[in-house]
Structure formats: C-alpha cells, structure tokens
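K.L.:
Enclosed is the structure file entry15.txt (compact mmCIF, C-alpha atoms).
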```txt
# COMPACT_ATOMS: atom_id res chain seq x y z
CA MET T 1 111.94 72.19 116.15
CA ALA T 2 110.95 74.61 118.88
CA TYR T 3 108.05 72.85 120.55
CA VAL T 4 107.23 74.19 123.99
CA ASP T 5 105.16 72.27 126.54
CA ILE T 6 104.51 74.44 129.60
CA LYS T 7 103.82 72.89 133.01
CA ASN T 8 102.46 74.40 136.24
CA VAL T 9 100.97 77.58 134.75
CA LYS T 10 97.36 78.71 134.90
CA ILE T 11 95.80 81.45 132.78
CA ALA T 12 93.72 83.55 135.18
CA GLY T 13 92.25 86.29 133.01
CA VAL T 14 92.38 88.45 129.91
CA ALA T 15 91.41 92.07 129.27
CA ALA T 16 91.71 94.35 126.24
CA CYS T 17 91.51 98.06 125.55
CA VAL T 18 91.16 99.97 122.26
CA PRO T 19 91.25 103.71 121.49
CA SER T 20 87.73 105.21 121.39
CA ASN T 21 88.64 107.15 118.25
CA VAL T 22 87.43 105.28 115.13
CA SER T 23 88.72 105.45 111.56
CA GLU T 24 85.98 104.44 109.06
CA ASN T 25 87.28 102.85 105.86
CA LYS T 26 84.16 103.94 103.94
CA GLU T 27 85.14 107.55 104.57
CA THR T 28 88.54 107.18 102.95
CA ASN T 29 89.34 108.80 99.64
CA ILE T 30 92.52 106.84 98.90
CA ILE T 31 90.54 104.57 96.56
CA SER T 32 87.17 104.77 94.78
CA LYS T 33 83.84 103.76 96.39
CA ASN T 34 83.77 100.66 94.22
CA GLU T 35 87.25 99.66 95.23
CA ILE T 36 86.59 100.24 98.92
CA ASN T 37 83.55 97.97 98.80
CA LYS T 38 85.61 95.27 97.16
CA TYR T 39 88.35 95.82 99.72
CA ILE T 40 85.92 95.42 102.62
CA GLU T 41 84.45 92.29 101.04
CA THR T 42 87.87 90.68 100.52
CA VAL T 43 90.04 91.93 103.38
CA GLY T 44 87.19 92.40 105.81
CA VAL T 45 88.06 95.68 107.54
CA GLU T 46 85.22 98.23 107.77
CA ARG T 47 86.69 100.31 110.57
CA LYS T 48 89.49 100.30 113.07
CA HIS T 49 90.22 102.04 116.35
CA TRP T 50 93.10 104.48 116.05
CA VAL T 51 94.92 106.63 118.56
CA LYS T 52 95.45 110.28 117.66
CA HIS T 53 98.95 110.70 116.37
CA ASP T 54 100.06 113.29 118.90
CA GLY T 55 101.52 111.07 121.63
CA SER T 56 98.45 111.50 123.87
CA ILE T 57 97.78 107.74 123.94
CA CYS T 58 100.59 105.22 123.65
CA THR T 59 100.38 101.43 123.48
CA SER T 60 101.44 101.34 127.13
CA ASP T 61 98.35 103.38 128.09
CA LEU T 62 96.02 100.85 126.45
CA CYS T 63 97.81 97.94 128.14
CA VAL T 64 97.92 99.67 131.55
CA LYS T 65 94.17 100.34 131.43
CA ALA T 66 93.52 96.67 130.56
CA ALA T 67 95.90 95.48 133.30
CA GLU T 68 94.45 97.75 136.01
CA LYS T 69 90.92 96.51 135.37
CA LEU T 70 92.01 92.88 135.18
CA LEU T 71 93.89 93.05 138.49
CA ILE T 72 90.86 94.62 140.21
CA ASP T 73 88.51 91.95 138.86
CA LEU T 74 90.93 89.18 139.85
CA ALA T 75 91.47 90.80 143.26
CA TRP T 76 95.18 90.16 142.87
CA ALA T 77 97.61 92.00 145.12
CA LYS T 78 100.08 93.99 143.07
CA ASP T 79 102.91 92.87 145.34
CA ASP T 80 102.42 89.29 144.11
CA ILE T 81 103.17 90.20 140.49
CA ASN T 82 106.79 89.47 139.81
CA VAL T 83 106.95 89.15 136.03
CA LEU T 84 105.87 91.71 133.44
CA VAL T 85 106.47 91.05 129.75
CA PHE T 86 105.52 93.81 127.32
CA VAL T 87 105.34 92.69 123.68
CA CYS T 88 105.22 95.73 121.44
CA GLN T 89 106.75 97.49 118.42
CA THR T 90 105.51 100.97 119.35
CA PRO T 91 107.22 101.70 122.69
CA ASP T 92 106.93 105.01 124.59
CA TYR T 93 110.61 105.77 124.04
CA LYS T 94 113.51 104.33 122.04
CA MET T 95 114.86 103.58 125.49
CA PRO T 96 114.37 102.73 128.31
CA ALA T 97 112.20 99.64 127.95
CA THR T 98 108.52 100.51 128.31
CA ALA T 99 108.05 97.54 130.67
CA CYS T 100 110.10 99.46 133.27
CA LEU T 101 107.77 102.45 133.00
CA ILE T 102 104.75 100.17 133.31
CA GLN T 103 106.18 98.55 136.47
CA GLU T 104 106.10 101.99 138.06
CA ARG T 105 102.70 102.98 136.68
CA LEU T 106 101.05 99.77 137.84
CA ALA T 107 102.84 100.10 141.20
CA LEU T 108 104.33 96.63 140.89
CA PRO T 109 107.07 95.71 143.37
CA THR T 110 110.71 96.40 142.53
CA THR T 111 111.25 92.63 142.83
CA CYS T 112 109.42 92.32 139.48
CA ILE T 113 111.19 91.06 136.34
CA ALA T 114 110.16 93.49 133.54
CA PHE T 115 111.29 93.66 129.91
CA ASP T 116 110.12 94.40 126.37
CA VAL T 117 109.88 91.97 123.46
CA ASN T 118 110.00 93.40 119.93
CA LEU T 119 107.53 91.21 118.04
CA GLY T 120 104.33 92.02 116.17
CA CYS T 121 101.65 89.67 114.91
CA SER T 122 103.24 86.60 116.50
CA GLY T 123 103.47 88.51 119.80
CA PHE T 124 100.74 86.73 121.74
CA VAL T 125 101.94 83.17 121.14
CA TYR T 126 105.59 84.14 121.64
CA GLY T 127 104.79 86.22 124.72
CA LEU T 128 102.77 83.38 126.19
CA SER T 129 105.71 81.05 125.76
CA ILE T 130 108.19 83.51 127.33
CA ILE T 131 106.16 84.44 130.40
CA SER T 132 104.94 80.89 130.99
CA GLY T 133 108.53 79.65 130.80
CA LEU T 134 109.48 82.08 133.57
CA LEU T 135 106.41 81.26 135.67
CA SER T 136 106.56 77.49 135.41
CA SER T 137 109.49 77.16 137.80
CA THR T 138 108.81 79.97 140.28
CA ASN T 139 105.87 80.44 142.61
CA ILE T 140 104.87 83.90 141.37
CA LYS T 141 102.21 85.68 139.30
CA GLY T 142 102.75 87.49 136.03
CA LEU T 143 101.29 89.89 133.49
CA LEU T 144 101.72 89.51 129.75
CA LEU T 145 100.95 92.78 127.99
CA VAL T 146 100.67 92.76 124.19
CA GLY T 147 99.82 95.79 122.12
CA ASN T 148 100.58 98.06 119.21
CA THR T 149 99.57 101.51 118.03
CA GLN T 150 100.84 100.68 114.59
CA SER T 151 98.54 103.18 112.85
CA TYR T 152 101.50 105.55 113.34
CA TYR T 153 103.35 103.55 110.72
CA ALA T 154 100.56 103.67 108.12
CA SER T 155 101.14 106.07 105.23
CA PRO T 156 97.90 108.00 104.54
CA GLU T 157 98.58 107.37 100.86
CA ASP T 158 99.05 103.60 101.18
CA LYS T 159 95.82 101.78 100.35
CA SER T 160 97.26 98.42 101.38
CA TYR T 161 98.23 99.18 104.98
CA TYR T 162 96.28 102.36 105.88
CA LEU T 163 92.98 100.51 105.55
CA LEU T 164 94.21 97.48 107.51
CA ALA T 165 96.09 98.54 110.65
CA GLY T 166 94.23 98.72 113.96
CA ASP T 167 95.43 99.83 117.40
CA ALA T 168 94.83 97.85 120.60
CA GLY T 169 96.41 96.65 123.82
CA CYS T 170 95.70 93.76 126.14
CA ALA T 171 96.69 92.15 129.41
CA ILE T 172 96.80 88.46 130.25
CA ALA T 173 97.21 87.36 133.87
CA LEU T 174 99.00 84.09 134.58
CA GLU T 175 100.17 82.31 137.71
CA TYR T 176 102.29 79.42 138.88
CA ASN T 177 99.79 76.72 139.81
CA THR T 178 100.53 73.01 140.21
CA VAL T 179 96.96 72.03 141.08
CA LYS T 180 94.92 73.66 138.32
CA GLN T 181 97.47 73.97 135.56
CA ASP T 182 96.42 74.69 132.00
CA VAL T 183 97.68 73.08 128.82
CA ILE T 184 99.98 75.52 127.00
CA GLN T 185 101.61 73.80 124.04
CA LEU T 186 103.31 75.80 121.31
CA ASN T 187 105.16 75.46 118.03
CA LEU T 188 107.19 78.62 117.38
CA LYS T 189 109.02 79.45 114.15
CA THR T 190 111.08 82.16 112.41
CA MET T 191 112.13 82.99 108.83
CA GLY T 192 114.21 86.17 108.72
CA ALA T 193 114.58 85.74 104.96
CA GLY T 194 111.17 87.40 104.77
CA LYS T 195 112.22 90.50 106.74
CA ASP T 196 111.55 92.84 103.79
CA PHE T 197 107.92 91.74 103.44
CA LEU T 198 106.96 93.81 106.50
CA ILE T 199 109.47 96.48 107.44
CA VAL T 200 109.93 100.11 108.48
CA PRO T 201 113.21 100.65 106.60
CA ASP T 202 114.57 103.81 108.27
CA GLY T 203 114.84 105.15 111.78
CA GLY T 204 116.76 102.27 113.32
CA PHE T 205 120.53 102.03 113.39
CA ARG T 206 121.02 100.25 110.04
CA ASN T 207 119.44 103.18 108.18
CA PRO T 208 119.47 106.19 110.52
CA VAL T 209 116.91 108.91 109.80
CA SER T 210 118.04 111.34 107.11
CA MET T 211 116.21 113.93 104.99
CA GLU T 212 115.81 111.17 102.41
CA SER T 213 113.79 109.12 104.91
CA PHE T 214 110.86 111.55 104.70
CA LYS T 215 110.53 111.50 100.91
CA MET T 216 107.26 109.97 99.69
CA LYS T 217 107.79 107.50 96.85
CA GLU T 218 105.16 105.80 94.70
CA TYR T 219 105.48 101.99 94.70
CA GLU T 220 102.36 101.26 92.69
CA LYS T 221 99.06 102.98 92.00
CA GLY T 222 97.56 103.91 95.37
CA ILE T 223 100.71 103.10 97.33
CA LYS T 224 102.97 105.98 98.33
CA ARG T 225 105.18 105.70 101.36
CA SER T 226 108.27 107.21 102.95
CA ASN T 227 110.95 105.04 104.51
CA LEU T 228 109.55 105.85 107.95
CA HIS T 229 106.27 104.11 107.07
CA LEU T 230 105.61 100.40 107.23
CA HIS T 231 106.24 98.72 103.89
CA MET T 232 104.06 95.67 103.40
CA ASN T 233 104.38 93.23 100.52
CA GLY T 234 100.84 91.88 100.75
CA ILE T 235 101.28 89.18 98.14
CA GLU T 236 104.35 87.64 99.81
CA VAL T 237 102.74 87.81 103.26
CA PHE T 238 99.60 86.15 101.89
CA SER T 239 101.58 83.39 100.23
CA PHE T 240 103.58 82.83 103.44
CA ALA T 241 100.54 82.80 105.72
CA ILE T 242 98.32 80.41 103.78
CA SER T 243 101.12 77.84 103.51
CA SER T 244 103.18 78.20 106.72
CA VAL T 245 100.37 78.53 109.25
CA PRO T 246 98.46 75.34 108.30
CA LYS T 247 101.81 73.51 108.24
CA ALA T 248 102.69 74.82 111.73
CA PHE T 249 99.31 73.52 112.92
CA GLU T 250 99.92 70.08 111.38
CA GLU T 251 103.27 69.91 113.17
CA LEU T 252 101.69 70.98 116.49
CA PHE T 253 98.92 68.39 116.15
CA GLU T 254 101.37 65.62 115.35
CA TYR T 255 103.95 66.46 118.02
CA PHE T 256 101.43 66.80 120.84
CA SER T 257 98.94 64.19 119.51
CA ILE T 258 96.17 66.79 119.30
CA ASP T 259 92.81 66.01 117.74
CA PRO T 260 91.72 69.43 116.40
CA SER T 261 88.08 68.35 116.19
CA LYS T 262 88.08 68.28 120.01
CA SER T 263 89.03 71.96 120.27
CA ASP T 264 86.24 74.42 120.96
CA TYR T 265 87.56 77.34 118.95
CA LEU T 266 90.20 78.28 116.42
CA LEU T 267 91.59 81.76 117.10
CA ILE T 268 93.44 83.00 114.02
CA HIS T 269 95.41 86.25 114.08
CA GLN T 270 93.09 88.68 112.28
CA ALA T 271 95.54 89.43 109.48
CA ASN T 272 93.09 89.68 106.60
CA LYS T 273 89.74 87.96 106.07
CA LEU T 274 90.92 86.02 103.03
CA ILE T 275 93.95 84.64 104.92
CA CYS T 276 91.79 83.66 107.90
CA GLU T 277 89.29 81.93 105.64
CA LYS T 278 92.02 79.99 103.85
CA ILE T 279 93.50 78.78 107.14
CA ARG T 280 90.07 77.91 108.54
CA LYS T 281 89.19 75.84 105.47
CA LYS T 282 92.54 74.05 105.45
CA LEU T 283 91.97 73.08 109.09
CA LYS T 284 88.37 72.07 108.27
CA PHE T 285 86.94 74.23 111.04
CA GLU T 286 83.36 75.47 110.87
CA VAL T 287 82.68 79.20 110.65
CA GLU T 288 80.89 78.99 114.02
CA ARG T 289 84.03 77.72 115.72
CA THR T 290 86.27 80.37 114.15
CA PRO T 291 85.46 83.78 115.64
CA THR T 292 86.48 86.96 113.82
CA ASN T 293 86.49 90.65 114.70
CA ILE T 294 88.52 92.11 111.83
CA LYS T 295 85.43 93.98 110.57
CA ASP T 296 85.38 96.37 113.53
CA PHE T 297 89.00 96.38 114.69
CA GLY T 298 91.19 95.70 111.65
CA ASN T 299 94.49 93.88 112.01
CA THR T 300 95.55 94.57 115.60
CA SER T 301 98.88 92.73 115.38
CA GLY T 302 99.75 90.55 118.39
CA THR T 303 96.68 91.73 120.27
CA SER T 304 94.20 90.17 117.87
CA ILE T 305 93.94 86.77 119.62
CA PRO T 306 93.37 88.14 123.16
CA LEU T 307 91.05 90.77 121.64
CA LEU T 308 89.03 87.98 120.02
CA MET T 309 88.76 86.31 123.41
CA VAL T 310 87.30 89.50 124.88
CA THR T 311 85.03 90.55 121.99
CA ASN T 312 83.76 87.11 120.93
CA LEU T 313 84.25 84.58 123.72
CA LYS T 314 83.87 86.50 126.99
CA LYS T 315 80.83 84.62 128.25
CA GLU T 316 82.13 81.16 127.46
CA LEU T 317 85.59 81.86 128.84
CA GLU T 318 83.97 82.98 132.09
CA THR T 319 81.54 80.12 132.51
CA LYS T 320 83.15 76.90 131.24
CA PRO T 321 86.46 75.19 130.49
CA LEU T 322 87.65 75.78 126.92
CA ASN T 323 90.13 74.14 124.63
CA LEU T 324 91.55 76.65 122.14
CA LEU T 325 93.82 76.59 119.12
CA CYS T 326 95.68 79.81 118.27
CA ALA T 327 97.87 81.05 115.42
CA GLY T 328 99.93 84.24 115.34
CA PHE T 329 101.97 85.09 112.25
CA GLY T 330 103.55 88.05 110.50
CA ILE T 331 106.38 90.56 110.76
CA GLY T 332 109.82 89.00 111.13
CA LEU T 333 108.73 86.75 109.61
CA SER T 334 107.76 85.12 112.88
CA TRP T 335 104.92 82.73 113.59
CA GLY T 336 103.58 80.20 116.00
CA THR T 337 100.66 77.90 116.68
CA ALA T 338 99.38 76.90 120.08
CA ARG T 339 96.92 74.78 121.97
CA ILE T 340 95.78 76.28 125.26
CA THR T 341 93.11 75.44 127.79
CA THR T 342 91.29 77.85 130.07
CA ASP T 343 89.01 77.15 133.00
CA LYS T 344 86.50 79.85 133.92
CA ILE T 345 88.79 82.84 133.66
CA VAL T 346 88.15 86.50 134.40
CA VAL T 347 87.31 88.55 131.28
CA PRO T 348 86.28 92.20 131.78
CA GLU T 349 84.20 93.92 129.07
CA LEU T 350 86.21 95.54 126.29
CA LEU T 351 87.70 98.81 127.54
CA PHE T 352 88.06 102.10 125.68
CA LEU T 353 90.52 104.94 126.14
CA MET W 1 96.18 70.28 83.76
CA GLU W 2 94.52 72.07 80.86
CA LEU W 3 95.18 75.62 79.73
CA GLN W 4 91.52 76.27 78.91
CA GLU W 5 90.39 75.14 82.35
CA PHE W 6 93.09 77.29 83.97
CA ILE W 7 91.89 80.34 82.03
CA GLU W 8 88.31 79.75 83.16
CA LYS W 9 89.33 79.49 86.80
CA PHE W 10 91.53 82.55 86.36
CA ALA W 11 88.65 84.53 84.85
CA ALA W 12 86.34 83.51 87.70
CA GLN W 13 88.44 85.65 90.07
CA PHE W 14 87.25 88.80 88.25
CA ASP W 15 83.83 90.39 88.74
CA GLU W 16 83.56 93.01 86.03
CA THR W 17 85.88 91.98 83.20
CA ASP W 18 84.09 90.17 80.35
CA ALA W 19 84.98 86.48 79.97
CA SER W 20 86.00 87.10 76.35
CA ALA W 21 88.87 89.25 77.61
CA PHE W 22 90.70 86.18 78.90
CA THR W 23 92.91 84.37 76.39
CA PRO W 24 96.35 82.75 76.75
CA GLU W 25 97.90 85.99 75.45
CA THR W 26 96.01 88.30 77.84
CA GLU W 27 98.39 90.57 79.74
CA PHE W 28 96.40 90.27 82.91
CA LYS W 29 98.14 92.97 84.95
CA ALA W 30 97.07 95.51 82.31
CA LEU W 31 93.37 94.74 82.86
CA ASP W 32 91.47 97.63 84.46
CA GLU W 33 90.11 95.38 87.18
CA TRP W 34 93.52 93.95 88.15
CA SER W 35 94.68 94.88 91.65
CA SER W 36 96.74 93.36 94.42
CA LEU W 37 93.50 91.93 95.81
CA THR W 38 92.96 90.05 92.55
CA ALA W 39 96.49 88.70 92.96
CA LEU W 40 95.51 87.27 96.34
CA SER W 41 92.46 85.59 94.80
CA ILE W 42 94.60 84.08 92.05
CA ILE W 43 97.19 82.75 94.54
CA SER W 44 94.36 81.35 96.62
CA MET W 45 92.70 79.69 93.59
CA VAL W 46 95.99 78.14 92.40
CA ASP W 47 96.67 76.84 95.92
CA GLU W 48 93.20 75.26 96.15
CA GLU W 49 92.85 73.92 92.63
CA TYR W 50 96.44 72.95 91.78
CA GLU W 51 98.14 72.66 95.19
CA VAL W 52 100.84 75.04 94.01
CA LEU W 53 102.06 77.97 96.11
CA LEU W 54 102.72 81.04 93.97
CA LYS W 55 105.08 83.70 95.36
CA GLY W 56 105.16 87.42 94.69
CA ASN W 57 107.89 86.96 92.09
CA ASP W 58 105.80 84.49 90.10
CA ILE W 59 103.15 87.17 89.64
CA VAL W 60 105.83 89.76 88.80
CA ASN W 61 107.51 87.48 86.25
CA ALA W 62 104.32 86.45 84.41
CA GLU W 63 103.07 88.82 81.73
CA THR W 64 100.34 86.73 80.14
CA ILE W 65 97.92 84.15 81.51
CA ASP W 66 99.87 81.50 79.60
CA ASP W 67 103.08 82.59 81.40
CA LEU W 68 101.39 82.05 84.74
CA TYR W 69 99.95 78.73 83.53
CA GLN W 70 103.48 77.57 82.62
CA ILE W 71 104.77 78.61 86.06
CA VAL W 72 102.01 76.69 87.81
CA LYS W 73 102.62 73.67 85.57
CA SER W 74 106.36 73.71 86.30
CA LYS W 75 105.74 73.84 90.06
CA ARG W 76 103.39 70.85 90.17
```
Mind turning this structure into structure tokens?
P.N.:
Amino acid sequence: MAYVDIKNVKIAGVAACVPSNVSENKETNIISKNEINKYIETVGVERKHWVKHDGSICTSDLCVKAAEKLLIDLAWAKDDINVLVFVCQTPDYKMPATACLIQERLALPTTCIAFDVNLGCSGFVYGLSIISGLLSSTNIKGLLLVGNTQSYYASPEDKSYYLLAGDAGCAIALEYNTVKQDVIQLNLKTMGAGKDFLIVPDGGFRNPVSMESFKMKEYEKGIKRSNLHLHMNGIEVFSFAISSVPKAFEELFEYFSIDPSKSDYLLIHQANKLICEKIRKKLKFEVERTPTNIKDFGNTSGTSIPLLMVTNLKKELETKPLNLLCAGFGIGLSWGTARITTDKIVVPELLFL
Amino acid sequence: MELQEFIEKFAAQFDETDASAFTPETEFKALDEWSSLTALSIISMVDEEYEVLLKGNDIVNAETIDDLYQIVKSKR
C-alpha cells in the first residue's frame, strides 16, 4: 500500500489560469436540444474554457501565467526555487520536457530540478506527493504546475468527451518548513488494466501515426473518433470511480486515523457531476462542504482540485487554517486520495489568458 | 430481491418512456430514451439499492431487463 506521510513541507499558495475563450455546450449541434439539457442536468457541464487549436496557447502558457502571479504575490525570489514539477499530458513538444522550457521562461536558476510527469486526472495528488517528497529533505522552495489543454484530444463528433473536456493550468507553491509544516497524507493507487478506458490510441511509439490514424470511425450513435482523439469508455470509468474512490478514502481514513467529519471541505476531481455526487453521498458529506465548478469549467483533469481552491475557496484559504480532503482519479487508471492542511495561503484571483 | 421491484427501480431512471414499456422481456437498449447517460443512472441505482457494482460488460451482455436482473442477482 502506497501511503505517503509528508513531513516538513508547507503549502504557501495556489493560482490558476484558464483560456478566456469559452465553448458553450448549449450551442453544440452534436446532440438535440432535449439531449443537451439532459446532459447538462446529469453530467453538469454547461460551458468550458478552451484554447484555440492553433498552438497559440499551450498548457505551459496557462501554468506560467499562474506561476508568475503567484510568485509576485508571495514575494518569493526566483533564485530560491529549486524544484519545478510539471504534470501534464499536453506538452509543448514531444521532447524536450516542457519543465525545462518553463525553467527558462520563469527565469528560475539553473540549480533547479525540473521534469515532466505524464499523468492526467490524478495529477494533483500525485504531483503533490512527488514535489513534497523532494522538498521534505532539502531546504528549498518549489513549484508544482498541473495543467492540460486536453480539448485538443476531443473529437468534434464525440458527444461523450467533446462536451466534457475543459482546459486549465495551475501553480502551487510549496516550501521546506520545519516550524509551520502542513499535513500532507496521501493514498496513491494504479490499475493499468483499465488503460483502454481512457486512451489516445495512436501517435505514440506503440502505434505510430499512419494514414489510418486519421480515419473517423463511428463507435455508437453520436460518437465518431479517429485514433488520434481521446477514446473514453464512460461506463467503465463511472463504475471504477464510484467504487474505487470511496474505497481509497476509507483506506486513507483508517491508515492515518482521520475523522472525515472534522475536515472542512471535500475536493473531488470534477470528473462528472453524477460521479461527484455519488462519492459525496458515500462519504456522507453535505453539499455545502463539497464545492463544485464543473458547470463553468468542465472536467479540467488534474487541475480541477487546485482550480476549485481558487474559484470556490479563495477567501477561506486566505483567512483561516483549513483541513481538506482531496480525490483525483482517471486516466491510467491512476487515482489517489489525500488529506492536506493549509494555513492562510496566498490565492490570487482566477487568471485568464 | 424481487424482479418486479427491480423493474420499477429500473423504470424510475427514465423520464419519458411510459412505465408500461418495462417488462422482464424489454430489450432496454432498444428504447428510444436509452443512452449512455441512462446506463450511468442504472449503474448508480444498482450500486445504491443492491450494493452491486455493474461493469461496462454487464450492460453489453444484458439484452433484456431480466438479463440484467439475473446479473445483479448473481453478483450479490
């Protein structure tokens, strides 16, 4: 069991940035008006922020904007930042690692550790574990950047994913701190047997791009994709999420002797309203203690938890200590639950690019 | 668990289809209102009411409501 109990790390701030361009689900003609209303009622997404698909805004741009603002508000010297972890599945280039480009763009010192992590919806909890692990034994500061511009992978003829995917990037600032350390306790898990439930089949090295890759195929009514689009098996992902996530919480609570009723908020990856509701009910959390933003941002992959902190909890994060439960889950399949504390952190207003 | 009760709970996941359309022999995936969203509601209902986790294949393999009822029963 991969339980992680981080010592000597403090979360200092969180910022998020979304594209200013908005895609309204009510304006879609993939499905009928009736169906779209039912979709919005069940899945919860009315609109999402999407980059234009011309390379003008990459995930790194969203994360860099969030990081720049956060560093200014924290008044942190860039020379003190010696770890940069970029969690993303939509990098600038196939290689080199986007984290290296960001080191230069943010003018971080060349003494900085910088690397990419290829994870999606579980990206925040995994990224938190990775960067905190590096920080807990070295007296340095770090930036965790999590983001995706996954709308690139949505087939315009796929009612299941086109209506769901949202783009966003975020930055979380953390530091080595033995005096004011936060609680960061995680339970991280993996089940590669579910790899086909969320996959872009072609374009990697197992299935290199060929002419065949571009062919649109109909999978069911309203779902046409090529092998360069993301293929989502919504039913399998749903079944996985409503069973595995509550179980991963139970394990976390038991291992770390956590009383969930003492947590202030439950931050669930905004996968789909129905999934979030199922998890909330299984954990017996009130609606008021379970913020959501899927209506206006869609499913923003690993960014959804930090984005929730910015859009729904900014004031409280800034003014009082909080005790939070988090769950990230999805592509891989990869998932994790976490308990974290924060104590009056810096949270800039949501940024747009 | 009772078949009749299962059918009623199954039917409750639909908004527009008339209750009389739901019998043990109903081929539910052929109903006009059936969609992948309905599938999620059914999985959710079965999880809540019967504490059984249906997978994608269970939905694929069931033709009629009775087929699905038998799958749920066998997994209890």
K.L.:
Please provide as a PDB file with C-alpha atoms, in the coordinates of the input all residues within 12 Å of Leu68 (chain W), with the sequence filter that same-chain residues fewer than 3 positions apart are discarded (counting all atoms listed in the file).
P.N.:
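Saved to out29.pdb:
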```
ATOM      1  CA  LEU W   3      95.180  75.620  79.730  1.00  0.00           C
ATOM      2  CA  PHE W   6      93.090  77.290  83.970  1.00  0.00           C
ATOM      3  CA  ILE W   7      91.890  80.340  82.030  1.00  0.00           C
ATOM      4  CA  PHE W  10      91.530  82.550  86.360  1.00  0.00           C
ATOM      5  CA  PRO W  24      96.350  82.750  76.750  1.00  0.00           C
ATOM      6  CA  GLU W  25      97.900  85.990  75.450  1.00  0.00           C
ATOM      7  CA  THR W  26      96.010  88.300  77.840  1.00  0.00           C
ATOM      8  CA  GLU W  27      98.390  90.570  79.740  1.00  0.00           C
ATOM      9  CA  PHE W  28      96.400  90.270  82.910  1.00  0.00           C
ATOM     10  CA  LYS W  29      98.140  92.970  84.950  1.00  0.00           C
ATOM     11  CA  ALA W  39      96.490  88.700  92.960  1.00  0.00           C
ATOM     12  CA  ILE W  42      94.600  84.080  92.050  1.00  0.00           C
ATOM     13  CA  ILE W  43      97.190  82.750  94.540  1.00  0.00           C
ATOM     14  CA  VAL W  46      95.990  78.140  92.400  1.00  0.00           C
ATOM     15  CA  VAL W  52     100.840  75.040  94.010  1.00  0.00           C
ATOM     16  CA  LEU W  54     102.720  81.040  93.970  1.00  0.00           C
ATOM     17  CA  LYS W  55     105.080  83.700  95.360  1.00  0.00           C
ATOM     18  CA  GLY W  56     105.160  87.420  94.690  1.00  0.00           C
ATOM     19  CA  ASN W  57     107.890  86.960  92.090  1.00  0.00           C
ATOM     20  CA  ASP W  58     105.800  84.490  90.100  1.00  0.00           C
ATOM     21  CA  ILE W  59     103.150  87.170  89.640  1.00  0.00           C
ATOM     22  CA  VAL W  60     105.830  89.760  88.800  1.00  0.00           C
ATOM     23  CA  ASN W  61     107.510  87.480  86.250  1.00  0.00           C
ATOM     24  CA  ALA W  62     104.320  86.450  84.410  1.00  0.00           C
ATOM     25  CA  GLU W  63     103.070  88.820  81.730  1.00  0.00           C
ATOM     26  CA  THR W  64     100.340  86.730  80.140  1.00  0.00           C
ATOM     27  CA  ILE W  65      97.920  84.150  81.510  1.00  0.00           C
ATOM     28  CA  ILE W  71     104.770  78.610  86.060  1.00  0.00           C
ATOM     29  CA  VAL W  72     102.010  76.690  87.810  1.00  0.00           C
ATOM     30  CA  LYS W  73     102.620  73.670  85.570  1.00  0.00           C
ATOM     31  CA  SER W  74     106.360  73.710  86.300  1.00  0.00           C
ATOM     32  CA  LYS W  75     105.740  73.840  90.060  1.00  0.00           C
TER      33      LYS W  75
END
```
K.L.:
Can you work out the spacing between CA of Thr190 (chain T) and CA of Asn312 (chain T) in Å, to one decimal?
P.N.:
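Straight-line distance from CA of Thr190 (chain T) to CA of Asn312 (chain T) works out to 29.0 Å.
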K.L.:
Skipping near chain neighbours, those fewer than 2 positions away, what residues fall within 9 Å of Ala327 (chain T) using all atoms listed in the file, listed as a PDB file with C-alpha atoms, in the frame of the given file?
P.N.:
```
ATOM      1  CA  SER T 122     103.240  86.600 116.500  1.00  0.00           C
ATOM      2  CA  PHE T 124     100.740  86.730 121.740  1.00  0.00           C
ATOM      3  CA  VAL T 125     101.940  83.170 121.140  1.00  0.00           C
ATOM      4  CA  VAL T 245     100.370  78.530 109.250  1.00  0.00           C
ATOM      5  CA  ALA T 248     102.690  74.820 111.730  1.00  0.00           C
ATOM      6  CA  PHE T 249      99.310  73.520 112.920  1.00  0.00           C
ATOM      7  CA  LEU T 266      90.200  78.280 116.420  1.00  0.00           C
ATOM      8  CA  LEU T 267      91.590  81.760 117.100  1.00  0.00           C
ATOM      9  CA  ILE T 268      93.440  83.000 114.020  1.00  0.00           C
ATOM     10  CA  HIS T 269      95.410  86.250 114.080  1.00  0.00           C
ATOM     11  CA  ILE T 305      93.940  86.770 119.620  1.00  0.00           C
ATOM     12  CA  LEU T 325      93.820  76.590 119.120  1.00  0.00           C
ATOM     13  CA  PHE T 329     101.970  85.090 112.250  1.00  0.00           C
ATOM     14  CA  TRP T 335     104.920  82.730 113.590  1.00  0.00           C
ATOM     15  CA  GLY T 336     103.580  80.200 116.000  1.00  0.00           C
ATOM     16  CA  THR T 337     100.660  77.900 116.680  1.00  0.00           C
ATOM     17  CA  ALA T 338      99.380  76.900 120.080  1.00  0.00           C
TER      18      ALA T 338
END
```
K.L.:
Quick one, how far is CA of Ile331 (chain T) from CA of Lys273 (chain T)?
P.N.:
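Going from CA of Ile331 (chain T) over to CA of Lys273 (chain T), I get 17.5 Å.
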K.L.:
Give me, as a ChimeraX atom specification, the residues of chain T touching chain W, with the criterion being at most 9 Å (counting only C-alpha atoms).
P.N.:
/T:38-39,42-43,160,233-240,242-243,274-275,278
K.L.:
Output C-alpha atoms for every residue in the selection just made, as a PDB file, in the frame of the given file.
P.N.:
```
ATOM      1  CA  LYS T  38      85.610  95.270  97.160  1.00  0.00           C
ATOM      2  CA  TYR T  39      88.350  95.820  99.720  1.00  0.00           C
ATOM      3  CA  THR T  42      87.870  90.680 100.520  1.00  0.00           C
ATOM      4  CA  VAL T  43      90.040  91.930 103.380  1.00  0.00           C
ATOM      5  CA  SER T 160      97.260  98.420 101.380  1.00  0.00           C
ATOM      6  CA  ASN T 233     104.380  93.230 100.520  1.00  0.00           C
ATOM      7  CA  GLY T 234     100.840  91.880 100.750  1.00  0.00           C
ATOM      8  CA  ILE T 235     101.280  89.180  98.140  1.00  0.00           C
ATOM      9  CA  GLU T 236     104.350  87.640  99.810  1.00  0.00           C
ATOM     10  CA  VAL T 237     102.740  87.810 103.260  1.00  0.00           C
ATOM     11  CA  PHE T 238      99.600  86.150 101.890  1.00  0.00           C
ATOM     12  CA  SER T 239     101.580  83.390 100.230  1.00  0.00           C
ATOM     13  CA  PHE T 240     103.580  82.830 103.440  1.00  0.00           C
ATOM     14  CA  ILE T 242      98.320  80.410 103.780  1.00  0.00           C
ATOM     15  CA  SER T 243     101.120  77.840 103.510  1.00  0.00           C
ATOM     16  CA  LEU T 274      90.920  86.020 103.030  1.00  0.00           C
ATOM     17  CA  ILE T 275      93.950  84.640 104.920  1.00  0.00           C
ATOM     18  CA  LYS T 278      92.020  79.990 103.850  1.00  0.00           C
TER      19      LYS T 278
END
```
